[in-house]
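What follows is work.cif (mmCIF, C-alpha atoms).
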```cif
data_protein
#
loop_
_atom_site.label_atom_id
_atom_site.label_comp_id
_atom_site.auth_asym_id
_atom_site.auth_seq_id
_atom_site.Cartn_x
_atom_site.Cartn_y
_atom_site.Cartn_z
CA MET C 1 -21.20 36.22 -9.20
CA SER C 2 -18.57 34.04 -7.66
CA VAL C 3 -19.58 31.18 -9.97
CA ASN C 4 -16.95 32.29 -12.44
CA ASN C 5 -14.07 31.49 -10.16
CA ARG C 6 -15.62 28.37 -8.74
CA ASP C 7 -16.60 26.76 -12.01
CA PRO C 8 -14.69 23.47 -12.20
CA LEU C 9 -13.72 24.18 -15.79
CA VAL C 10 -12.05 27.41 -14.73
CA VAL C 11 -10.44 25.89 -11.66
CA GLY C 12 -9.13 22.96 -13.64
CA GLY C 13 -7.64 25.28 -16.22
CA VAL C 14 -9.74 23.95 -19.10
CA ILE C 15 -11.08 27.44 -19.76
CA GLY C 16 -7.86 29.13 -20.66
CA ASP C 17 -5.93 26.20 -22.06
CA VAL C 18 -8.53 24.73 -24.36
CA LEU C 19 -11.66 26.84 -24.46
CA GLU C 20 -12.93 30.34 -23.95
CA ARG C 21 -15.38 31.20 -21.24
CA PHE C 22 -18.88 30.23 -22.26
CA THR C 23 -22.32 29.75 -20.81
CA ARG C 24 -23.62 26.25 -20.63
CA SER C 25 -26.90 25.81 -22.45
CA ILE C 26 -27.22 22.13 -23.29
CA ASP C 27 -27.03 19.14 -20.97
CA LEU C 28 -24.18 16.75 -21.59
CA ARG C 29 -24.01 13.35 -19.94
CA VAL C 30 -20.96 11.16 -20.50
CA THR C 31 -20.92 7.65 -19.08
CA TYR C 32 -18.07 5.17 -19.12
CA GLY C 33 -19.65 1.85 -18.25
CA GLN C 34 -21.40 2.50 -14.99
CA ARG C 35 -19.55 5.69 -14.03
CA GLU C 36 -20.89 9.05 -15.02
CA VAL C 37 -18.16 11.55 -15.76
CA THR C 38 -18.16 14.64 -13.58
CA ASN C 39 -15.59 17.42 -13.74
CA GLY C 40 -12.25 16.39 -12.36
CA LEU C 41 -13.10 12.71 -11.97
CA ASP C 42 -10.17 10.33 -11.76
CA ILE C 43 -10.36 7.48 -14.27
CA ARG C 44 -7.78 4.89 -15.25
CA PRO C 45 -7.02 3.99 -18.87
CA SER C 46 -8.31 0.46 -18.31
CA GLN C 47 -11.79 1.87 -17.74
CA ILE C 48 -11.87 4.02 -20.86
CA ILE C 49 -10.80 1.56 -23.51
CA ASN C 50 -14.17 1.73 -25.18
CA LYS C 51 -16.04 4.82 -26.18
CA PRO C 52 -18.44 6.28 -23.66
CA ARG C 53 -22.15 6.68 -23.92
CA VAL C 54 -22.93 10.34 -24.54
CA GLU C 55 -26.40 11.84 -24.23
CA ILE C 56 -27.11 15.45 -24.96
CA GLY C 57 -30.05 17.62 -24.12
CA GLY C 58 -31.72 20.37 -26.08
CA GLU C 59 -35.26 20.36 -27.49
CA ASP C 60 -35.26 20.64 -31.23
CA LEU C 61 -34.25 17.59 -33.24
CA ARG C 62 -33.32 19.83 -36.12
CA ASN C 63 -30.32 21.25 -34.28
CA PHE C 64 -27.11 19.40 -34.82
CA TYR C 65 -24.17 19.26 -32.49
CA THR C 66 -20.49 18.29 -32.69
CA LEU C 67 -18.63 16.52 -29.93
CA VAL C 68 -14.85 16.85 -29.64
CA MET C 69 -12.65 14.94 -27.22
CA VAL C 70 -9.14 16.28 -26.74
CA ASP C 71 -6.20 15.81 -24.40
CA PRO C 72 -4.41 19.12 -23.76
CA ASP C 73 -1.55 17.60 -21.75
CA VAL C 74 0.34 15.56 -24.31
CA PRO C 75 2.95 14.23 -23.97
CA SER C 76 3.26 15.38 -20.35
CA PRO C 77 1.56 18.15 -18.34
CA SER C 78 4.95 19.64 -17.51
CA ASN C 79 5.87 19.88 -21.18
CA PRO C 80 2.77 19.89 -23.39
CA HIS C 81 4.39 20.69 -26.71
CA LEU C 82 2.01 18.46 -28.67
CA ARG C 83 -0.84 20.33 -27.10
CA GLU C 84 -4.19 18.90 -27.79
CA TYR C 85 -4.36 15.43 -29.10
CA LEU C 86 -7.66 14.68 -30.76
CA HIS C 87 -9.19 11.47 -29.47
CA TRP C 88 -12.71 11.56 -30.89
CA LEU C 89 -14.81 13.69 -33.19
CA VAL C 90 -18.49 13.11 -33.82
CA THR C 91 -20.61 15.46 -35.88
CA ASP C 92 -24.27 15.82 -36.83
CA ILE C 93 -25.63 14.68 -33.50
CA PRO C 94 -29.30 15.60 -33.30
CA ALA C 95 -30.45 17.20 -30.07
CA THR C 96 -31.81 14.96 -27.30
CA THR C 97 -29.97 11.97 -28.75
CA GLY C 98 -26.49 10.59 -28.41
CA THR C 99 -23.32 9.95 -30.34
CA ASN C 100 -24.76 6.75 -31.75
CA PHE C 101 -26.91 8.90 -34.00
CA GLY C 102 -24.06 11.08 -35.14
CA ASN C 103 -21.38 10.82 -37.75
CA GLU C 104 -18.10 9.67 -36.22
CA ILE C 105 -15.53 11.20 -38.49
CA VAL C 106 -12.53 10.67 -36.21
CA SER C 107 -12.83 7.31 -34.48
CA TYR C 108 -12.46 6.95 -30.75
CA GLU C 109 -8.90 6.33 -29.63
CA SER C 110 -8.47 5.17 -26.07
CA PRO C 111 -6.17 7.53 -24.13
CA ARG C 112 -2.91 5.99 -22.95
CA PRO C 113 -1.05 8.65 -20.96
CA THR C 114 2.59 7.78 -20.36
CA SER C 115 3.68 10.53 -18.02
CA GLY C 116 1.82 12.57 -15.44
CA ILE C 117 -1.88 13.19 -14.99
CA HIS C 118 -3.66 14.23 -18.17
CA ARG C 119 -6.92 16.09 -18.48
CA LEU C 120 -9.35 14.82 -21.08
CA VAL C 121 -11.93 17.35 -22.23
CA LEU C 122 -15.19 16.65 -24.00
CA VAL C 123 -16.67 19.72 -25.69
CA LEU C 124 -20.01 20.10 -27.38
CA PHE C 125 -20.51 22.66 -30.13
CA ARG C 126 -23.63 23.62 -32.00
CA GLN C 127 -23.45 23.34 -35.76
CA LEU C 128 -25.08 25.80 -38.13
CA GLY C 129 -26.31 23.07 -40.43
CA ARG C 130 -25.75 19.49 -41.40
CA GLN C 131 -22.49 18.21 -42.86
CA THR C 132 -20.62 21.42 -42.33
CA VAL C 133 -17.75 19.97 -40.26
CA TYR C 134 -14.88 17.97 -41.69
CA GLU C 135 -12.09 16.02 -40.11
CA PRO C 136 -8.67 17.53 -39.56
CA GLY C 137 -5.61 16.02 -41.20
CA TRP C 138 -3.98 14.65 -38.06
CA ARG C 139 -4.61 14.10 -34.37
CA PRO C 140 -1.82 15.88 -32.44
CA GLN C 141 -1.37 19.67 -32.46
CA PHE C 142 -5.10 20.10 -32.63
CA ASN C 143 -6.44 23.51 -31.66
CA THR C 144 -10.03 23.56 -30.50
CA ARG C 145 -10.40 27.31 -30.83
CA GLU C 146 -9.17 27.34 -34.40
CA PHE C 147 -11.32 24.36 -35.23
CA ALA C 148 -14.41 26.13 -33.92
CA ALA C 149 -13.53 29.31 -35.78
CA LEU C 150 -12.89 27.40 -38.98
CA TYR C 151 -16.26 25.71 -39.07
CA ASN C 152 -18.26 28.59 -37.56
CA LEU C 153 -19.11 26.65 -34.45
CA SER C 154 -18.79 29.75 -32.19
CA LEU C 155 -18.59 29.20 -28.46
CA PRO C 156 -19.16 25.77 -26.95
CA VAL C 157 -22.52 24.92 -25.41
CA ALA C 158 -21.29 22.31 -22.95
CA ALA C 159 -18.04 20.84 -21.69
CA VAL C 160 -16.80 18.33 -19.16
CA TYR C 161 -13.34 17.11 -18.29
CA PHE C 162 -11.79 14.28 -16.31
CA ASN C 163 -8.30 13.22 -15.24
CA CYS C 164 -6.45 10.16 -16.39
CA GLN C 165 -3.08 8.74 -15.39
CA ARG C 166 -1.41 5.52 -16.31
CA ASP C 167 -2.41 2.33 -14.60
CA ASN C 168 0.86 1.20 -13.05
CA GLY C 169 1.88 4.23 -11.02
CA CYS C 170 4.32 6.76 -12.43
CA GLY C 171 6.57 4.28 -14.19
CA GLY C 172 9.52 4.68 -11.88
CA ARG C 173 12.56 6.81 -12.37
CA ARG C 174 13.54 6.58 -16.00
CA THR C 175 17.25 7.44 -15.93
CA MET V 1 53.90 32.57 50.65
CA ALA V 2 55.30 33.81 53.76
CA ILE V 3 53.82 37.04 54.80
CA PRO V 4 55.93 38.88 57.23
CA MET V 5 53.57 39.66 59.99
CA ALA V 6 55.52 40.74 62.93
CA MET V 7 58.49 42.01 61.01
CA ALA V 8 56.94 45.24 59.84
CA THR V 9 57.06 47.02 63.08
CA PRO V 10 56.00 50.63 63.26
CA THR V 11 58.91 52.96 62.87
CA ASP V 12 57.56 55.67 64.98
CA SER V 13 56.33 54.29 68.16
CA VAL V 14 54.75 57.55 69.22
CA THR V 15 52.43 58.23 66.32
CA ARG V 16 51.94 54.59 65.38
CA VAL V 17 52.06 55.27 61.67
CA TRP V 18 52.92 52.35 59.62
CA SER V 19 55.12 53.06 56.64
CA MET V 20 55.81 51.07 53.53
CA SER V 21 59.55 51.19 53.78
CA SER V 22 59.81 48.66 56.55
CA LEU V 23 57.56 46.30 54.60
CA ARG V 24 59.53 46.79 51.45
CA SER V 25 62.76 46.08 53.19
CA ALA V 26 61.33 42.94 54.70
CA LEU V 27 60.07 41.51 51.42
CA PRO V 28 62.49 39.95 48.93
CA SER V 29 63.73 42.55 46.55
CA CYS V 30 62.09 42.62 43.16
CA ARG V 31 63.13 44.68 40.27
CA LEU V 32 60.43 47.02 39.22
CA PRO V 33 60.51 47.33 35.44
CA SER V 34 59.75 50.99 35.32
CA SER V 35 62.39 52.19 37.77
CA THR V 36 65.49 50.28 36.69
CA SER V 37 67.93 51.81 34.31
CA ARG V 38 68.70 48.70 32.32
CA ARG V 39 65.74 47.93 30.16
CA PRO V 40 65.13 44.41 28.97
CA LEU V 41 65.18 44.00 25.22
CA THR V 42 61.61 44.48 24.32
CA LEU V 43 60.04 45.56 21.15
CA ARG V 44 58.31 48.82 21.60
CA LEU V 45 55.28 49.14 19.47
CA PRO V 46 53.70 52.49 19.06
CA VAL V 47 50.58 52.39 21.07
CA SER V 48 48.06 54.81 19.69
CA ALA V 49 45.28 56.23 21.63
CA PRO V 50 42.04 54.32 21.18
CA SER V 51 40.16 55.73 18.22
CA PRO V 52 37.27 57.86 19.21
CA LEU V 53 34.97 56.00 16.81
CA LEU V 54 35.17 52.68 18.58
CA PRO V 55 34.47 52.89 22.27
CA SER V 56 36.43 50.53 24.40
CA PHE V 57 34.85 47.13 24.33
CA SER V 58 34.25 45.93 27.80
CA GLY V 59 33.37 42.52 26.48
CA LEU V 60 30.83 40.03 27.53
CA SER V 61 32.59 39.25 30.75
CA PRO V 62 30.35 39.36 33.72
CA VAL V 63 30.41 42.47 35.78
CA ASN V 64 32.09 41.72 39.06
CA PRO V 65 29.55 42.40 41.77
CA LEU V 66 32.34 43.19 44.24
CA ILE V 67 33.37 46.21 42.21
CA SER V 68 30.99 48.98 42.91
CA THR V 69 30.22 50.51 39.55
CA GLY V 70 27.61 52.75 40.93
CA LEU V 71 24.75 50.89 39.24
CA PRO V 72 21.88 51.06 41.61
CA ASP V 73 19.94 48.13 40.28
CA TRP V 74 22.41 45.38 40.95
CA LYS V 75 20.40 43.26 43.29
CA SER V 76 21.29 39.68 42.58
CA PHE V 77 24.57 37.87 42.75
CA GLU V 78 24.07 35.61 39.77
CA SER V 79 26.65 35.06 37.06
CA GLY V 80 25.74 38.32 35.33
CA PHE V 81 26.26 37.12 31.76
CA LYS V 82 24.48 39.14 29.11
CA ILE V 83 21.57 37.18 27.63
CA ILE V 84 21.76 37.09 23.84
CA ASP V 85 18.81 35.45 22.07
CA GLY V 86 16.72 36.11 18.96
CA GLY V 87 13.94 37.60 20.94
CA GLY V 88 11.86 34.41 20.45
CA ARG V 89 8.84 33.95 22.59
CA VAL V 90 7.86 30.51 23.71
CA TYR V 91 4.14 29.87 24.03
CA ALA V 92 2.41 26.84 25.36
CA MET V 93 0.02 26.88 22.32
CA ARG V 94 0.76 26.97 18.60
CA HIS V 95 -0.03 30.67 18.20
CA GLY V 96 1.70 32.22 15.19
CA ARG V 97 3.65 29.18 14.09
CA ARG V 98 3.40 28.89 10.33
CA VAL V 99 5.81 26.11 9.41
CA PRO V 100 3.87 22.93 8.53
CA LYS V 101 5.34 19.94 10.28
CA LEU V 102 3.62 17.23 8.20
CA ASN V 103 3.86 14.76 11.11
CA ARG V 104 7.53 14.17 10.45
CA PRO V 105 10.86 15.03 12.01
CA PRO V 106 12.75 17.84 10.26
CA ASP V 107 15.08 15.72 8.15
CA GLN V 108 12.28 13.56 6.84
CA ARG V 109 10.14 16.60 6.24
CA LYS V 110 12.82 18.19 4.12
CA ALA V 111 13.31 14.97 2.18
CA LEU V 112 9.56 14.63 1.60
CA LEU V 113 9.29 18.17 0.27
CA ARG V 114 12.31 17.70 -1.95
CA GLY V 115 10.80 14.56 -3.40
CA LEU V 116 7.44 16.18 -3.96
CA THR V 117 8.87 19.21 -5.73
CA THR V 118 11.04 16.96 -7.88
CA GLN V 119 8.00 14.93 -8.92
CA LEU V 120 5.89 17.99 -9.58
CA LEU V 121 8.54 19.52 -11.78
CA LYS V 122 8.92 16.20 -13.57
CA HIS V 123 5.27 15.36 -14.17
CA GLY V 124 3.60 18.75 -14.16
CA ARG V 125 0.63 17.63 -12.12
CA ILE V 126 0.53 15.34 -9.12
CA LYS V 127 -2.12 14.17 -6.71
CA THR V 128 -1.31 14.26 -3.04
CA THR V 129 -2.85 15.22 0.27
CA ARG V 130 -3.99 18.80 0.77
CA ALA V 131 -1.56 19.50 3.57
CA ARG V 132 1.41 18.36 1.51
CA ALA V 133 0.22 20.25 -1.54
CA SER V 134 -0.09 23.51 0.32
CA ALA V 135 3.23 22.94 2.09
CA MET V 136 5.17 22.40 -1.09
CA ARG V 137 3.97 25.54 -2.89
CA LYS V 138 6.69 27.60 -1.31
CA PHE V 139 9.48 25.31 -2.44
CA VAL V 140 8.20 24.91 -5.97
CA ASP V 141 8.01 28.67 -6.30
CA LYS V 142 11.52 28.89 -4.95
CA MET V 143 12.84 26.49 -7.56
CA ILE V 144 11.14 28.34 -10.37
CA THR V 145 12.54 31.61 -9.08
CA LEU V 146 16.03 30.12 -9.12
CA ALA V 147 15.47 29.00 -12.68
CA LYS V 148 14.26 32.45 -13.65
CA ASP V 149 17.54 33.92 -12.46
CA GLY V 150 19.49 31.38 -14.46
CA SER V 151 23.02 32.01 -13.24
CA LEU V 152 25.48 29.23 -12.44
CA HIS V 153 25.26 29.75 -8.72
CA LYS V 154 21.48 29.46 -8.81
CA ARG V 155 21.74 26.38 -10.98
CA ARG V 156 23.99 24.75 -8.45
CA GLN V 157 21.64 25.69 -5.65
CA ALA V 158 18.81 24.04 -7.54
CA LEU V 159 20.93 20.96 -8.17
CA GLY V 160 21.43 20.71 -4.44
CA TYR V 161 17.71 20.59 -3.81
CA ILE V 162 16.17 18.62 -6.66
CA TYR V 163 16.95 14.96 -6.81
CA GLU V 164 17.29 14.50 -10.57
CA LYS V 165 19.63 16.71 -12.53
CA GLN V 166 17.88 16.36 -15.89
CA ILE V 167 14.89 18.03 -14.34
CA VAL V 168 17.01 20.96 -13.21
CA HIS V 169 18.51 21.43 -16.65
CA ALA V 170 15.12 21.13 -18.33
CA LEU V 171 13.68 23.58 -15.83
CA PHE V 172 16.37 26.16 -16.45
CA ALA V 173 15.84 25.78 -20.18
CA GLU V 174 12.10 26.29 -20.31
CA VAL V 175 11.21 28.54 -17.37
CA PRO V 176 12.15 31.88 -18.99
CA ASP V 177 9.74 31.25 -21.85
CA ARG V 178 6.98 29.82 -19.77
CA TYR V 179 7.03 32.03 -16.69
CA GLY V 180 8.82 35.09 -17.94
CA GLU V 181 5.94 37.50 -17.39
CA ARG V 182 4.31 35.82 -14.44
CA ASN V 183 5.30 37.14 -11.03
CA GLY V 184 4.85 34.39 -8.50
CA GLY V 185 1.99 31.96 -8.13
CA TYR V 186 3.39 29.28 -10.37
CA THR V 187 1.23 26.52 -8.95
CA ARG V 188 -2.45 25.81 -8.70
CA ILE V 189 -4.14 23.53 -6.18
CA ILE V 190 -7.42 21.82 -6.99
CA ARG V 191 -9.11 20.01 -4.17
CA THR V 192 -10.60 16.66 -4.98
CA LEU V 193 -12.33 13.67 -3.46
CA PRO V 194 -10.89 12.10 -0.32
CA ARG V 195 -8.73 9.01 -0.52
CA ARG V 196 -10.57 5.77 -0.03
CA GLY V 197 -8.14 4.07 2.39
CA ASP V 198 -8.02 6.71 5.11
CA ASN V 199 -10.40 9.46 3.95
CA ALA V 200 -7.49 11.85 3.66
CA PRO V 201 -8.43 15.07 1.82
CA MET V 202 -6.64 15.01 -1.51
CA ALA V 203 -5.68 17.68 -3.99
CA TYR V 204 -4.09 18.04 -7.37
CA ILE V 205 -1.22 20.44 -7.51
CA GLU V 206 -0.11 21.55 -10.93
CA LEU V 207 2.23 24.01 -12.52
CA VAL V 208 0.22 26.87 -13.84
#
```
For this file, produce the structure as structure tokens.
Amino acid sequence: MSVNNRDPLVVGGVIGDVLERFTRSIDLRVTYGQREVTNGLDIRPSQIINKPRVEIGGEDLRNFYTLVMVDPDVPSPSNPHLREYLHWLVTDIPATTGTNFGNEIVSYESPRPTSGIHRLVLVLFRQLGRQTVYEPGWRPQFNTREFAALYNLSLPVAAVYFNCQRDNGCGGRRT
Amino acid sequence: MAIPMAMATPTDSVTRVWSMSSLRSALPSCRLPSSTSRRPLTLRLPVSAPSPLLPSFSGLSPVNPLISTGLPDWKSFESGFKIIDGGGRVYAMRHGRRVPKLNRPPDQRKALLRGLTTQLLKHGRIKTTRARASAMRKFVDKMITLAKDGSLHKRRQALGYIYEKQIVHALFAEVPDRYGERNGGYTRIIRTLPRRGDNAPMAYIELV
């Protein structure tokens, strides 16, 4: 099918830079204030100071999910040597609920991109059991694939990404 | 110049043949260079026969229509200059024209594209209109190709195009690692929602 090349996650480069190709099986709704996040949406840092409201689908309350929020374009999309900065990590989210019911092991840090337009990816993984995921030591140089392999999270079940650039234009010509 | 008209009378009144000698005697004497014994001091250069490889160049001078060259198709008496052009056809419509004009005169267009490629190479991803994004692909690829070559001449060519020199030096430093295996297609365009002010179709263009 031509869906593979038209999938916004593929077109936006998220599948490839951050994740492997997967099939979406759980609904994921992310809302910042009044705006629901769709793939490729343009949001300013002033609108994402506070954590969003996340609601996930699924049927069985005994399944637990992990939500990861990363920025693959740090410090700048042209030179992402600190690739993947971890902004938020919530584990043990029961199905059909939201992040309020989960265990926030890495607290939400509001993205403040300095240079260029950054993508911010929210990924949902399915856990094998409760309390099987632990926090990493630091936020930058995070690797989502290795993280999933380490805690046996396998392929993601849902993902969404949006774009964020700094509020006051590009900051002018710095020397 | 006085032309002796009645002076050159026919020598032989019977046959009425006009000979040159009477005319020559009437005209002021001139020394013909080939017949005199005393040669003027001239430098004689050996004149070789024209090489058979190069035919004699008749030049672009117009063919004199008064000289009958035997060409049967000389009908008009225009200037006869040879028309040299690139073979370009001029249509009334835009058929086959692939250069995007971007609603700007050529100097502004070049400056716009230079600025856009500089910003894309600086920030890695920019948001602009779809027409500009698809117009600048060619120039971004060109800059990355120059950086892939890496020689001094190419570096100077890139410095002549990109507005900030740190970007050129950074580009030449990192392109071999980043795009060493990739052949072409160094950018990606993602279409996005139209701009609110004028509903212009927008796109993100990013370095792959």
Q | Selection: 8 Å around segment 102-106 of chain V, only C-alpha atoms, excl. self and same-chain fewer than 2 positions, as a ChimeraX atom specification | A | /V:100,108-110,131-132
**Q.** Non-local contacts of segment 16-21 of chain C (8 Å; only C-alpha atoms; under 3 positions in same chain excluded) as a ChimeraX atom specification
**A.** /C:10,13,72,143-145,155-156
Q: Please determine the contact residues of chain V with respect to chain C at a cut-off of 7 Å, counting all atoms listed in the file, and supply them as a list in words.
A: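 Residues passing the distance filter: Leu121, Lys122, His123, Gly124, Arg125, Ile126 and Ile190 of chain V.
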Q: Write out as number ranges by chain which residues come within 9 Å of Asn100 of chain C when counting only C-alpha atoms, dropping same-chain ones fewer than 5 positions away.
A: C: 53-54, 93
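When you apply the PyMOL selection byres ((chain V and resi 128) around 7) to this structure, what comes back is Ile126, Lys127, Thr129, Arg130, Arg132, Ala133, Met202, Ala203 and Tyr204 of chain V.
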Writer output for current selection, C-alpha atoms, as a tab-separated table (two decimals), keeping the file's coordinate frame:
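See selection.tsv below for the written result:
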```tsv
chain	number	residue	atom	x	y	z
V	126	ILE	CA	0.53	15.34	-9.12
V	127	LYS	CA	-2.12	14.17	-6.71
V	129	THR	CA	-2.85	15.22	0.27
V	130	ARG	CA	-3.99	18.80	0.77
V	132	ARG	CA	1.41	18.36	1.51
V	133	ALA	CA	0.22	20.25	-1.54
V	202	MET	CA	-6.64	15.01	-1.51
V	203	ALA	CA	-5.68	17.68	-3.99
V	204	TYR	CA	-4.09	18.04	-7.37
```
(Q) the PyMOL selection byres ((chain C and resi 44) around 12) - which residues does that actually catch in the file I just gave you? List them as a ChimeraX atom specification. (A) /C:32,35,41-43,45-49,110-114,117-120,162-169
Q. Using all atoms listed in the file, what residues lie at most 10 Å away from (-17.2, 26.5, -37.4) (file coordinates), given as a list in words?
A. Phe125, Arg126, Gln127, Leu128, Thr132, Val133, Tyr134, Arg145, Glu146, Phe147, Ala148, Ala149, Leu150, Tyr151, Asn152, Leu153, Ser154 and Leu155 of chain C
Would you export the selected residues with C-alpha atoms as a PDB file, in the frame of the given file, please?
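The file below, out.pdb, is the result:
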```
ATOM      1  CA  PHE C 125     -20.510  22.660 -30.130  1.00  0.00           C
ATOM      2  CA  ARG C 126     -23.630  23.620 -32.000  1.00  0.00           C
ATOM      3  CA  GLN C 127     -23.450  23.340 -35.760  1.00  0.00           C
ATOM      4  CA  LEU C 128     -25.080  25.800 -38.130  1.00  0.00           C
ATOM      5  CA  THR C 132     -20.620  21.420 -42.330  1.00  0.00           C
ATOM      6  CA  VAL C 133     -17.750  19.970 -40.260  1.00  0.00           C
ATOM      7  CA  TYR C 134     -14.880  17.970 -41.690  1.00  0.00           C
ATOM      8  CA  ARG C 145     -10.400  27.310 -30.830  1.00  0.00           C
ATOM      9  CA  GLU C 146      -9.170  27.340 -34.400  1.00  0.00           C
ATOM     10  CA  PHE C 147     -11.320  24.360 -35.230  1.00  0.00           C
ATOM     11  CA  ALA C 148     -14.410  26.130 -33.920  1.00  0.00           C
ATOM     12  CA  ALA C 149     -13.530  29.310 -35.780  1.00  0.00           C
ATOM     13  CA  LEU C 150     -12.890  27.400 -38.980  1.00  0.00           C
ATOM     14  CA  TYR C 151     -16.260  25.710 -39.070  1.00  0.00           C
ATOM     15  CA  ASN C 152     -18.260  28.590 -37.560  1.00  0.00           C
ATOM     16  CA  LEU C 153     -19.110  26.650 -34.450  1.00  0.00           C
ATOM     17  CA  SER C 154     -18.790  29.750 -32.190  1.00  0.00           C
ATOM     18  CA  LEU C 155     -18.590  29.200 -28.460  1.00  0.00           C
TER      19      LEU C 155
END
```
Q | Residue among C:Glu59, C:Glu109, C:Asp71, C:Glu135 lying closest to Thr91 of chain C, counting all atoms listed in the file | A |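 Ranked by minimum distance to Thr91 of chain C, first place goes to C:Glu135.
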Q) Can you list, as a PyMOL selection string, the residues that the PyMOL selection byres ((chain V and resi 117) around 8) selects here? A) chain V and resi 113-116+118-121+136+139-140+162
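Proximity to Gly58 of chain C was assessed for C:Arg83, C:Arg24, C:Arg6, C:Arg139 counting all atoms listed in the file; the smallest distance is recorded for C:Arg24.
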(Q) Taking 2 positions as the minimum chain separation for residues in the same chain, which residues sit within 8 Å of segment 165-175 of chain V when counting all atoms listed in the file? Answer as JSON, numbers by chain. (A) {"V": [118, 121, 122, 144, 147, 148, 150, 155, 158, 159, 162, 163, 177, 178, 179, 180]}
Q: For each of C:Ser107, C:Gln34, C:Ser25, C:Thr97, take the minimum atom-to-atom distance to Met69 of chain C, counting only C-alpha atoms, then give the residue where this is smallest.
A: C:Ser107
Q | Interatomic distance (Å, one decimal) between atom CA of Ala95 of chain C and atom CA of Val30 of chain C | A |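 Atom CA of Val30 of chain C lies 14.8 Å from atom CA of Ala95 of chain C.
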Q: Would you please work out which residue, of V:Asn199, V:Thr192, V:Ser151, V:Ser25, is nearest to Asn39 of chain C when using all atoms listed in the file?
A: V:Thr192
